[in-house]
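Encoded as structure tokens, the structure appears first; notes follow it.
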Amino acid sequence: MTTAPVPAAGPTPFERLWKRSLHRYPSDPSRYLSLGIVVAATIVLYYQLYLSGGVATSILRDLHMSFTYYVNISVVGYLLGATAAVIAGLADRYGRANIITGGLGVVGLLCLIGLPNAHTKLAFAVIYIAIGFVEGIILVATPALVRDFSPQLGRASAMGFWTLGPVLGSLVVAAFVSNAGTTSWQDQYRTSGIIGLIVFAVALVGLRELAPRLRDQLMVSRKDRELIEARAAGVDIEVALKHPFRQMLHADILLSAFAISVFLIIYYVAVGFFPVFFETVFGYSQSKANTLGNWFWAFDAGGLLIVGVISDRLRVRKPFMVFGAVCAIVSTTIFALKTTHPQTSYDTFVILLSCIAVSLALAFAPWMASFTETVERRNPALTATGLAVWGLIIRVVIAVSIFFVPKVVTTATTLVEQGPVVKAVLASPVPVGHTTIGQVATAASTNPATITELQAVSTRDAALLAALKSHPAVAAALAKAQAAGAKPTTKQLIQIKGALGAPAFAELIMPQTTKDLRFLSVTAPNKLGASNFAAISNPTPALSAALKTLGTVGPGVKKAAADSPGQWQTFFFVGVGGEVVFIPLILLMAGFWDPRRAKRAEQEHDAWVTAEMNRLGH
């Protein structure tokens, strides 16, 4: 009888900080502890990575960063993350736990010290890209570790828990930012860094992994445990790991990874851009925009857990993927259509985003389980390599997708940079006469034709208006006469000419002047409001500056606000297209459609395990 080798002596407590291999399959408490640490690590790492999306508008304003620059940072981060994912394929040879623990420590320090002290957009970009690089490694190492501890018959539930990482990471971002009040984005990052270092300390002490001879075998159910341990001594690690990427370059793995990558375009738009979208298009505050994320990510998390359990209970994956994709197509399409309707209510968005979230969960947890099973069908010893292929493809697809966001949504930079300036002018409570700067600016912005005519009148009748301003009694008499429809007598005209002077009087008797004076005394006050018109006629320096700002950037902001919903809608429909592409590629993956066939296959496998155990003398 052959048994797995037992180490002569266990590692010392100090050595256990990096010697993490388990040479026997762990008991449930030990297994659940490691799985719990992996999920916690994934949550905090994705929280740190996705935090920028929640506070994007604050970062852009503080660091004078354009929306295009911000998107390009993310693109470079995803591309380097793709490279990191390939590097993380080495986890098949060197293990997973140390990679995860080290990543937690590095990212925790970058968030605690690095980003809060980044005072230029270049410094922010370098540090953020470094975080993306580490996250690319973790994307591979954490699900590989979850797979190691999870037999196929519980795989969808386990992967549902793993997927809680990015989902709950996003939920934590939404919750923290929506309740942050006046907390700066720098303090948000400091908080995330502290949390990350706490989880790092827990992982340093408690995270364990299976030794290669155990993890490199296929485990269908917990009944396989003794068989795997019995066969572990005979596993040739070098042979199993020979030419790893060559073994993974097959259509079922490559196209499956591509399928989920395009399916999740709407997910990555939600992560990176939903707060920007709702702030710039619907005028939500940063807090309110992130509160929508609370709903999205909470429903996504709940859906992942529930569908994982049901998928494992029924022993099938593909029906859930198809149903989830169809639901995602329908709900995302309705959401895209609603984005061009400014009257769409907050509650409507809550319902639509919750439906999208549940739809994504319905498809993704079973897909993760099916993908690892598809990799195992090729070689169970190369799970991390297969996940590295997925990590590479998904990051390239997402990088390409988000690269085109500012190309499609050309209005975002204008609305992010100049929108708040216009909004501040329109909301200014500074008093001017019997009104405020905000009220005057609002009246001016809603009556552009009146403002244009006022400027024309001021240009045409500059000398007359200046003279009337210096002689209010004459101005009042002329206004009274005009209101009564009476024309001044010759004697009165001589007196007026003497008071106003020849240049002003020449303007007064021009045919257009009567119309201009009526516009100033009747039309403009009616359009703008008497108090607002009076303030515009005698502006304070603050009001003049506000109206100048409004006149300079207001038209561009107004046009951008009109064009932006349609541009975002176009990109949301790209997400719908990705969801459509996903469906036919499901056919390439491992797994059954019919629960009855899956049950028969499980019974046949149990019989084979019993026969193997008997053959090995157990």
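Convention: chains lettered A, B, ... in structure tokens order; per-chain residue numbering from 1; ligands numbered from 1 as shown.
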For this session: For His250 in chain A, please output as a PyMOL selection string all residues within 12 Å (counting only C-alpha atoms; exclusion window: fewer than 2 positions along the same chain).
Result: chain A and resi 244-248+252-257+374-375+377-379+386+389+588-589
Exercise. Which residues, written as a count of residues only, have at least one atom at most 9 Å from range 291-306 of chain A, with only C-alpha atoms counted and residues fewer than 5 positions away on the same chain left out?
Worked result: 45
If we count only C-alpha atoms and set the cut-off at 8 Å, which residues sit around Lys318 in chain A, ignoring sequence neighbours fewer than 5 positions away in its own chain? Please answer as a PDB file with N, CA, C and O atoms, in the first residue's frame.
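Done, and the output landed in result-v3.pdb:
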```
ATOM      1  N   PRO A 366     -22.160  29.938 -11.973  1.00  0.00           N
ATOM      2  CA  PRO A 366     -22.057  28.667 -12.700  1.00  0.00           C
ATOM      3  C   PRO A 366     -20.945  28.689 -13.754  1.00  0.00           C
ATOM      4  O   PRO A 366     -20.303  27.659 -13.994  1.00  0.00           O
ATOM      5  N   TRP A 367     -20.704  29.848 -14.380  1.00  0.00           N
ATOM      6  CA  TRP A 367     -19.632  29.900 -15.383  1.00  0.00           C
ATOM      7  C   TRP A 367     -18.284  29.645 -14.742  1.00  0.00           C
ATOM      8  O   TRP A 367     -17.462  28.895 -15.283  1.00  0.00           O
ATOM      9  N   ILE A 586     -21.302  29.095 -24.721  1.00  0.00           N
ATOM     10  CA  ILE A 586     -21.531  28.212 -23.574  1.00  0.00           C
ATOM     11  C   ILE A 586     -21.413  26.749 -24.003  1.00  0.00           C
ATOM     12  O   ILE A 586     -20.997  25.874 -23.219  1.00  0.00           O
ATOM     13  N   GLY A 591     -19.711  20.206 -18.644  1.00  0.00           N
ATOM     14  CA  GLY A 591     -20.915  20.191 -17.832  1.00  0.00           C
ATOM     15  C   GLY A 591     -22.130  19.684 -18.577  1.00  0.00           C
ATOM     16  O   GLY A 591     -22.126  19.575 -19.806  1.00  0.00           O
ATOM     17  N   PHE A 592     -23.145  19.375 -17.814  1.00  0.00           N
ATOM     18  CA  PHE A 592     -24.373  18.794 -18.348  1.00  0.00           C
ATOM     19  C   PHE A 592     -25.479  19.854 -18.435  1.00  0.00           C
ATOM     20  O   PHE A 592     -25.470  20.847 -17.730  1.00  0.00           O
ATOM     21  N   TRP A 593     -26.434  19.561 -19.333  1.00  0.00           N
ATOM     22  CA  TRP A 593     -27.658  20.357 -19.421  1.00  0.00           C
ATOM     23  C   TRP A 593     -28.766  19.745 -18.570  1.00  0.00           C
ATOM     24  O   TRP A 593     -29.605  20.454 -18.029  1.00  0.00           O
TER      25      TRP A 593
END
```
For this session: May I ask for the distance between CA of Gly283 in chain A and CA of Tyr70 in chain A, given in Å to one decimal place?
Result: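 Distance reported for this atom pair: 20.4 Å.
For the atom pair formed by CA of Gly438 in chain A and CA of Leu547 in chain A, the distance is 9.9 Å, given to one decimal.
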Seminar exercise, completed: One decimal place gives the CA of Gln188 in chain A-CA of Tyr47 in chain A separation as 10.7 Å
Exercise. Mind checking DSSP for range 320-502 of chain A and telling me the strand (DSSP E or B) residues as JSON, numbers by chain?
Worked result: {"A": [431, 432, 435, 436]}
Problem set entry | Within 8 Å of Gly77 in chain A using only C-alpha atoms, minus same-chain residues under 4 positions, as an NGL selection string | :A and (73 or 81 or 128-133)
Exercise. As an MDAnalysis selection string, which residues of range 417-556 of chain A does DSSP assign to helix (DSSP H, G or I)?
Worked result: chainID A and resid 417 419:426 437:446 448:460 462:470 472:484 490:500 502:508 511:528 530:537 541:556
Exercise. Any idea what's packed within 9 Å of range 397-399 of chain A, counting only C-alpha atoms, ignoring anything in its chain fewer than 3 positions away? Could you give it as a PyMOL selection string?
Worked result: chain A and resi 72+74-79+258+261-262+264-265+268+392-394+402-404
Write the residues of the preceding selection, restricted to all heavy atoms, as a compact mmCIF listing (two decimals), in the first residue's frame.
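Okay, out-v5.txt is ready:
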```txt
# COMPACT_ATOMS: atom_id res chain seq x y z
N ASN A 72 -7.56 56.26 -19.46
CA ASN A 72 -6.32 55.67 -19.95
C ASN A 72 -5.48 55.06 -18.83
O ASN A 72 -4.77 54.08 -19.04
CB ASN A 72 -5.50 56.71 -20.72
CG ASN A 72 -6.12 57.04 -22.07
OD1 ASN A 72 -6.88 56.24 -22.62
ND2 ASN A 72 -5.80 58.21 -22.61
N SER A 74 -6.79 53.51 -16.32
CA SER A 74 -7.43 52.21 -16.12
C SER A 74 -7.04 51.24 -17.23
O SER A 74 -6.81 50.05 -16.97
CB SER A 74 -8.96 52.38 -16.09
OG SER A 74 -9.35 53.21 -15.02
N VAL A 75 -6.95 51.74 -18.46
CA VAL A 75 -6.57 50.88 -19.59
C VAL A 75 -5.18 50.30 -19.36
O VAL A 75 -4.96 49.08 -19.50
CB VAL A 75 -6.61 51.67 -20.91
CG1 VAL A 75 -5.97 50.87 -22.04
CG2 VAL A 75 -8.05 52.02 -21.27
N VAL A 76 -4.22 51.16 -19.00
CA VAL A 76 -2.86 50.67 -18.76
C VAL A 76 -2.85 49.70 -17.58
O VAL A 76 -2.16 48.66 -17.61
CB VAL A 76 -1.91 51.86 -18.48
CG1 VAL A 76 -0.52 51.36 -18.09
CG2 VAL A 76 -1.82 52.75 -19.71
N GLY A 77 -3.63 50.01 -16.54
CA GLY A 77 -3.72 49.10 -15.40
C GLY A 77 -4.23 47.74 -15.78
O GLY A 77 -3.70 46.70 -15.33
N TYR A 78 -5.26 47.69 -16.61
CA TYR A 78 -5.81 46.40 -17.04
C TYR A 78 -4.81 45.64 -17.92
O TYR A 78 -4.69 44.42 -17.82
CB TYR A 78 -7.12 46.61 -17.78
CG TYR A 78 -8.31 46.79 -16.87
CD1 TYR A 78 -9.07 47.96 -16.90
CD2 TYR A 78 -8.67 45.80 -15.96
CE1 TYR A 78 -10.15 48.14 -16.05
CE2 TYR A 78 -9.75 45.97 -15.11
CZ TYR A 78 -10.48 47.14 -15.16
OH TYR A 78 -11.55 47.31 -14.31
N LEU A 79 -4.10 46.35 -18.77
CA LEU A 79 -3.14 45.67 -19.65
C LEU A 79 -1.98 45.10 -18.83
O LEU A 79 -1.54 43.97 -19.07
CB LEU A 79 -2.62 46.64 -20.71
CG LEU A 79 -3.65 47.05 -21.77
CD1 LEU A 79 -3.04 48.08 -22.72
CD2 LEU A 79 -4.14 45.83 -22.56
N PHE A 258 -13.10 34.36 -23.48
CA PHE A 258 -13.54 35.52 -24.25
C PHE A 258 -15.02 35.79 -24.02
O PHE A 258 -15.45 36.94 -23.89
CB PHE A 258 -13.26 35.30 -25.74
CG PHE A 258 -13.78 36.39 -26.63
CD1 PHE A 258 -13.10 37.60 -26.73
CD2 PHE A 258 -14.96 36.23 -27.34
CE1 PHE A 258 -13.58 38.63 -27.54
CE2 PHE A 258 -15.45 37.24 -28.16
CZ PHE A 258 -14.76 38.45 -28.25
N SER A 261 -15.70 37.47 -20.80
CA SER A 261 -15.10 38.81 -20.82
C SER A 261 -16.03 39.82 -21.47
O SER A 261 -16.25 40.92 -20.93
CB SER A 261 -13.76 38.77 -21.56
OG SER A 261 -12.86 37.88 -20.94
N VAL A 262 -16.60 39.47 -22.62
CA VAL A 262 -17.52 40.42 -23.27
C VAL A 262 -18.86 40.46 -22.55
O VAL A 262 -19.55 41.48 -22.55
CB VAL A 262 -17.71 40.07 -24.77
CG1 VAL A 262 -16.40 40.25 -25.51
CG2 VAL A 262 -18.25 38.66 -24.96
N LEU A 264 -19.24 40.52 -19.43
CA LEU A 264 -19.08 41.38 -18.24
C LEU A 264 -18.73 42.82 -18.57
O LEU A 264 -18.37 43.59 -17.67
CB LEU A 264 -18.00 40.78 -17.33
CG LEU A 264 -18.37 39.47 -16.63
CD1 LEU A 264 -17.18 38.95 -15.83
CD2 LEU A 264 -19.58 39.63 -15.73
N ILE A 265 -18.84 43.22 -19.83
CA ILE A 265 -18.56 44.63 -20.17
C ILE A 265 -19.44 45.56 -19.34
O ILE A 265 -18.97 46.56 -18.79
CB ILE A 265 -18.76 44.87 -21.67
CG1 ILE A 265 -17.61 44.26 -22.47
CG2 ILE A 265 -18.86 46.38 -21.98
CD1 ILE A 265 -17.78 44.35 -23.97
N TYR A 268 -18.11 45.93 -15.80
CA TYR A 268 -16.96 46.80 -15.62
C TYR A 268 -17.31 48.27 -15.87
O TYR A 268 -16.69 49.17 -15.30
CB TYR A 268 -15.81 46.35 -16.52
CG TYR A 268 -15.06 45.18 -15.90
CD1 TYR A 268 -15.40 43.87 -16.21
CD2 TYR A 268 -14.07 45.40 -14.97
CE1 TYR A 268 -14.74 42.81 -15.61
CE2 TYR A 268 -13.41 44.35 -14.36
CZ TYR A 268 -13.75 43.05 -14.68
OH TYR A 268 -13.10 42.00 -14.07
N LEU A 392 -5.73 36.91 -18.49
CA LEU A 392 -5.14 37.65 -19.61
C LEU A 392 -6.23 38.15 -20.55
O LEU A 392 -6.27 39.34 -20.91
CB LEU A 392 -4.16 36.75 -20.35
CG LEU A 392 -3.65 37.28 -21.70
CD1 LEU A 392 -2.81 38.52 -21.50
CD2 LEU A 392 -2.86 36.19 -22.43
N ILE A 393 -7.12 37.26 -20.96
CA ILE A 393 -8.13 37.62 -21.95
C ILE A 393 -9.11 38.64 -21.41
O ILE A 393 -9.43 39.63 -22.07
CB ILE A 393 -8.87 36.35 -22.43
CG1 ILE A 393 -7.92 35.47 -23.25
CG2 ILE A 393 -10.10 36.71 -23.26
CD1 ILE A 393 -8.50 34.14 -23.65
N ILE A 394 -9.57 38.45 -20.17
CA ILE A 394 -10.58 39.37 -19.65
C ILE A 394 -10.01 40.77 -19.47
O ILE A 394 -10.67 41.78 -19.75
CB ILE A 394 -11.18 38.85 -18.32
CG1 ILE A 394 -12.45 39.65 -17.99
CG2 ILE A 394 -10.19 38.93 -17.17
CD1 ILE A 394 -13.25 39.06 -16.85
N ILE A 402 -12.97 49.76 -22.30
CA ILE A 402 -13.02 51.04 -21.60
C ILE A 402 -12.17 52.10 -22.30
O ILE A 402 -12.40 53.30 -22.11
CB ILE A 402 -12.62 50.91 -20.12
CG1 ILE A 402 -11.15 50.53 -19.97
CG2 ILE A 402 -13.52 49.93 -19.41
CD1 ILE A 402 -10.68 50.55 -18.53
N PHE A 403 -11.19 51.66 -23.11
CA PHE A 403 -10.41 52.62 -23.90
C PHE A 403 -11.33 53.46 -24.79
O PHE A 403 -11.08 54.64 -25.03
CB PHE A 403 -9.37 51.90 -24.74
CG PHE A 403 -8.62 52.80 -25.69
CD1 PHE A 403 -7.61 53.63 -25.23
CD2 PHE A 403 -8.93 52.82 -27.04
CE1 PHE A 403 -6.91 54.47 -26.10
CE2 PHE A 403 -8.25 53.66 -27.92
CZ PHE A 403 -7.24 54.49 -27.45
N PHE A 404 -12.40 52.82 -25.27
CA PHE A 404 -13.30 53.51 -26.19
C PHE A 404 -14.40 54.29 -25.48
O PHE A 404 -15.18 54.98 -26.13
CB PHE A 404 -13.93 52.51 -27.16
CG PHE A 404 -12.98 52.06 -28.24
CD1 PHE A 404 -12.34 50.84 -28.15
CD2 PHE A 404 -12.71 52.88 -29.33
CE1 PHE A 404 -11.45 50.43 -29.13
CE2 PHE A 404 -11.82 52.47 -30.31
CZ PHE A 404 -11.18 51.24 -30.22
```
Problem set entry | Close residues, Ser531 in chain A itself excluded, 12 Å, only C-alpha atoms, min 4 positions apart in chain, as a PyMOL selection string | chain A and resi 431-437+439-440+443+524-527+535-539
Problem set entry | Residue neighbourhood Ile59 in chain A, 10 Å, only C-alpha atoms, exclusion window fewer than 4 positions, as a PyMOL selection string | chain A and resi 52-55+63-66+70+121+124+184-186
I need the residues from that last selection saved to file as a compact mmCIF listing (two decimals), in the first residue's frame (with C-alpha atoms), if you can.
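Generated output (result_18.txt):
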```txt
# COMPACT_ATOMS: atom_id res chain seq x y z
CA SER A 52 -11.37 55.07 -7.64
CA GLY A 53 -14.65 54.61 -9.51
CA GLY A 54 -16.67 55.69 -6.48
CA VAL A 55 -14.69 58.89 -5.94
CA LEU A 63 -5.78 66.47 -9.57
CA HIS A 64 -6.94 68.44 -12.64
CA MET A 65 -7.30 65.21 -14.54
CA SER A 66 -9.38 64.85 -17.70
CA TYR A 70 -8.48 58.81 -16.05
CA LYS A 121 -2.11 63.00 -11.81
CA PHE A 124 -1.69 58.84 -8.95
CA SER A 184 -11.95 63.34 1.18
CA TRP A 185 -10.95 60.71 -1.35
CA GLN A 186 -7.51 60.61 0.30
```
Exercise. Given the choices A:Ile99, A:Arg208, A:Ala141, A:Val281, which gets closest to Thr344 in chain A if the distance is worked out from only C-alpha atoms?
Worked result: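 Looking only at the distances to Thr344 in chain A, the closest residue turns out to be A:Val281.
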